[in-house]
Amino acid sequence: MFWKLILVVLTLGGTACGLLVLRQQEQDVLATQSTLRRQISSLEKELRAKAFHIGELTNLERLEEYRARTEGSGELTWVPFPFAPDFDRPEKIRAVPSDLVVSEQREPAPSNLGS
């Protein structure tokens with residue numbers, strides 16, 4: 001009877017320790033998750049701020065002002081691109097496999113028809 005009681009106590013103690021370990025792991029996961037979410041939100045704020053700053057810097061009036069200022073001081077000379085993009089491209093022509101070239105085609109023989 002004494003050994004049964006020790007076995008029950010050890011089983012309950014082991015189960016309690018296992019549950020405590022699982023609870024601690026869950027709390028660690030939640031803490032890591034909240035830290036990562038905080039970092040993600042701060043990075044998203046920085047990204048929005050940088051996108052806004054880029055939008056301000058690429059404003060046409062600001063670019064023209066910068067161009068006039070740099071050309072006036074002689075630091076830079078602005079030369080337009082020597083080409084205009086051509087978006088009216090012809091449609092692609094499908095390649096013909098070499099075994100289907102007109103000069104190589106043969107008349108179908110009765111044995112090639114399948115019946």
# chains A, B, ... in the order shown; residues from 1 in each chain; ligands from 1
>>> residues_around(residues="Tyr66 in chain A", least_positions_apart="4", cutoff="12 Å", atoms="only C-alpha atoms", output="list in words")
Leu57, Thr58, Asn59, Leu60, Glu61, Arg62, Thr70, Glu71, Gly72, Ser73, Glu75, Leu76, Thr77 and Trp78 of chain A
>>> write_last_selection(atoms="C-alpha atoms", output="short mmCIF file (atom, residue, chain, number, x, y, z; two decimals), in the first residue's frame")
data_model
loop_
_atom_site.label_atom_id
_atom_site.label_comp_id
_atom_site.auth_asym_id
_atom_site.auth_seq_id
_atom_site.Cartn_x
_atom_site.Cartn_y
_atom_site.Cartn_z
CA LEU A 57 11.03 64.81 -52.21
CA THR A 58 9.61 63.64 -55.53
CA ASN A 59 7.11 66.47 -55.73
CA LEU A 60 7.39 68.08 -59.18
CA GLU A 61 7.71 71.61 -57.85
CA ARG A 62 10.47 70.56 -55.49
CA THR A 70 21.83 73.06 -59.31
CA GLU A 71 21.89 74.34 -62.89
CA GLY A 72 22.24 77.92 -61.67
CA SER A 73 25.20 77.10 -59.45
CA GLU A 75 27.11 71.91 -60.08
CA LEU A 76 25.14 69.71 -62.45
CA THR A 77 23.91 69.82 -66.01
CA TRP A 78 20.62 68.13 -66.66
#
